[in-house]
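Scroll down for the structure; my scribbles are underneath it.
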Amino acid sequence: MSNLDLFRMGIKNLWRRKLRTFLTVLGVIIGASSIIVMLSLGFGMSKSFEEQIAQWGSLTTINVQKSWVEQPGQKQAVLDDKAVASFKLIPNVAAVSPMLEAYGSIINGRYLSNAPIRGIDPDSMEAFGFEVAEGRLLSKNDELTVVFGGRMKDSFYEPKSRVWREPKINLMKDRMTLTLDPNYGWSSPGEKKPSYKEYKIKVAGVLTEGDWQTGYGIYMPITEVQKLLKEKEKAENQKPQPGRKKETGYNKVDVKVNDMKNVQEVQKQIKEMGYEAYSLNDELESMKKQAAVIQAVLGGIGAVSLLVAAIGITNTMVMSIYERTKEIGVMKVIGASLKDIKRLFLFESALIGLTGGVLE
């Protein structure tokens, strides 16, 4: 039997039983659609998790802090300039910036904003992906100059007003004052407060509204924040307490990795150096594991639908064989071999599956 005869007979037999063929093809369409939809939901959840975490901060930035657990017989690792230099030597590290954090208040006329003040290496801002909507980024020569987070405009309020009014703030043009007084504008009768300095600041720029990590906060050159913290200590007359170690080094160090796939390896090397290292990839990996479980469940449901469709094709062909025993006998009489008959039925079943897949 030639291939052309096989094709013609297969089409003719399927067309002769149109309703049965249609229902079988419909089962294939539903089964294939089910598994594709279920798997797509799983992939969509993974992508959604990644986009959600990206709003919290950069997925290629590692936050390094000193370990708070001292190992017996080992000297505790300190986050200092030597540590910063060692991080820069790690393969796949694009940039490293120490970070000093303080909390203070920004005074703009009758408006006030309490915000974190972050000291950063100005030369690394571009490498860490900071982008300005207005103005420019920081430079090393800036004195008492800040860059506002993209959402800082919404953080101002009027402390003496009983009703909230939307503040009219122009971050680039308004005159502003900075103080490290944590309770500026609030005092109890008879309370003696330290005499905190107030600094007139210049605004270099305002960041674009990106993730929550950079949205709220004020960025200054790290050398300027160090000066502010020393003057704050003088104002508070802080003295080392007996038996308490003096804090040294930086609060934390941010490490920028060149690619998200290299974050885990760089993070592992930093931990081996005796530091605590955290990145948003930790959260992402946890969410991906949850998505993988859900995807496996959804894929299993889709696979069952596809299996039912395959059983439907098998049932159709088995019933067709029982109904066409006379036709099979005639084919054998006129010279068709068992191999040709098998090819015919396999062709019909393959055509049903192919038609269902194409229509799906």
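In the structure tokens, chains take the letters A, B, ... in the order shown, each chain's residues start at 1, and ligands count up from 1 in the order shown.
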* Asked: Using only C-alpha atoms, which residues sit within 12 Å of segment 224-240 of chain A once same-chain residues fewer than 4 positions away are excluded, as a PyMOL selection string?
  -> chain A and resi 98-104+116-122+138-146+178-182+192-199+201+218-220+244-247+249-251
For the residues in the current selection, export C-alpha atoms as a compact mmCIF listing (two decimals), in the first residue's frame.
# COMPACT_ATOMS: atom_id res chain seq x y z
CA PRO A 98 30.25 51.56 52.44
CA MET A 99 27.11 52.92 54.07
CA LEU A 100 26.58 55.03 57.19
CA GLU A 101 23.04 55.63 58.38
CA ALA A 102 21.66 58.27 60.68
CA TYR A 103 18.19 59.59 61.35
CA GLY A 104 17.21 63.21 61.33
CA PRO A 116 16.96 58.25 57.24
CA ILE A 117 20.17 59.93 56.14
CA ARG A 118 22.41 57.58 54.21
CA GLY A 119 26.08 58.26 53.66
CA ILE A 120 27.32 56.73 50.42
CA ASP A 121 30.38 56.82 48.20
CA PRO A 122 29.37 59.35 45.50
CA LEU A 138 26.41 63.48 44.30
CA SER A 139 30.11 64.19 43.82
CA LYS A 140 33.02 63.90 46.27
CA ASN A 141 33.41 67.68 46.52
CA ASP A 142 29.82 68.25 47.72
CA GLU A 143 29.49 69.73 51.22
CA LEU A 144 26.17 69.58 53.06
CA THR A 145 24.59 68.54 49.78
CA VAL A 146 21.90 65.90 49.50
CA LEU A 178 18.80 69.43 58.33
CA THR A 179 19.14 68.41 61.96
CA LEU A 180 20.01 65.11 63.62
CA ASP A 181 17.60 65.84 66.47
CA PRO A 182 15.45 62.67 66.55
CA LYS A 192 16.50 69.42 78.93
CA LYS A 193 17.49 68.49 75.41
CA PRO A 194 20.92 68.42 73.81
CA SER A 195 21.72 71.38 71.62
CA TYR A 196 21.66 69.82 68.16
CA LYS A 197 23.01 71.85 65.28
CA GLU A 198 20.92 72.79 62.30
CA TYR A 199 22.56 72.75 58.88
CA ILE A 201 21.64 72.04 53.00
CA ILE A 218 18.30 61.30 51.90
CA TYR A 219 21.70 60.54 50.39
CA MET A 220 24.87 62.42 51.28
CA ARG A 244 31.13 48.22 76.35
CA LYS A 245 33.11 48.01 73.15
CA LYS A 246 33.21 51.08 70.97
CA GLU A 247 31.51 50.55 67.62
CA GLY A 249 33.64 50.53 61.00
CA TYR A 250 30.56 51.06 58.87
CA ASN A 251 26.94 50.14 59.51
Problem - segment 73-317 of chain A: residues DSSP assigns to alpha helix (DSSP H), reported as a ChimeraX atom specification - result: /A:81-88,212-215,222-236,263-272,280-317
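Restricting the calculation to only C-alpha atoms, the smallest distance between Gly215 of chain A and any of A:Lys153, A:Arg324, A:Lys200, A:Lys82 is found for A:Lys153.
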One decimal place gives the atom CA of Ser48 of chain A-atom CA of Asp154 of chain A separation as 27.0 Å
Nearest to Ala204 of chain A, restricted to only C-alpha atoms and choosing among A:Lys268, A:Lys342, A:Lys326, A:Arg136, comes out as A:Arg136
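Relative to atom CA of Ala32 of chain A, atom CA of Lys12 of chain A is found at 25.5 Å.
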Write out as number ranges by chain all residues of segment 65-305 of chain A that DSSP puts in strand (DSSP E or B) for this structure's backbone. A: 65-66, 93-108, 111-120, 132-135, 145-148, 157, 176-179, 198-207, 218-221, 252-257, 275-279
One decimal place gives the atom CA of Arg151 of chain A-atom CA of Glu283 of chain A separation as 24.0 Å
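The protein and nucleic acid residues lying at most 6 Å from segment 294-305 of chain A are Gly31, Ser34, Ile35, Met38, Leu39 and Gly42 of chain A, with only C-alpha atoms considered and sequence neighbours fewer than 4 positions away removed.
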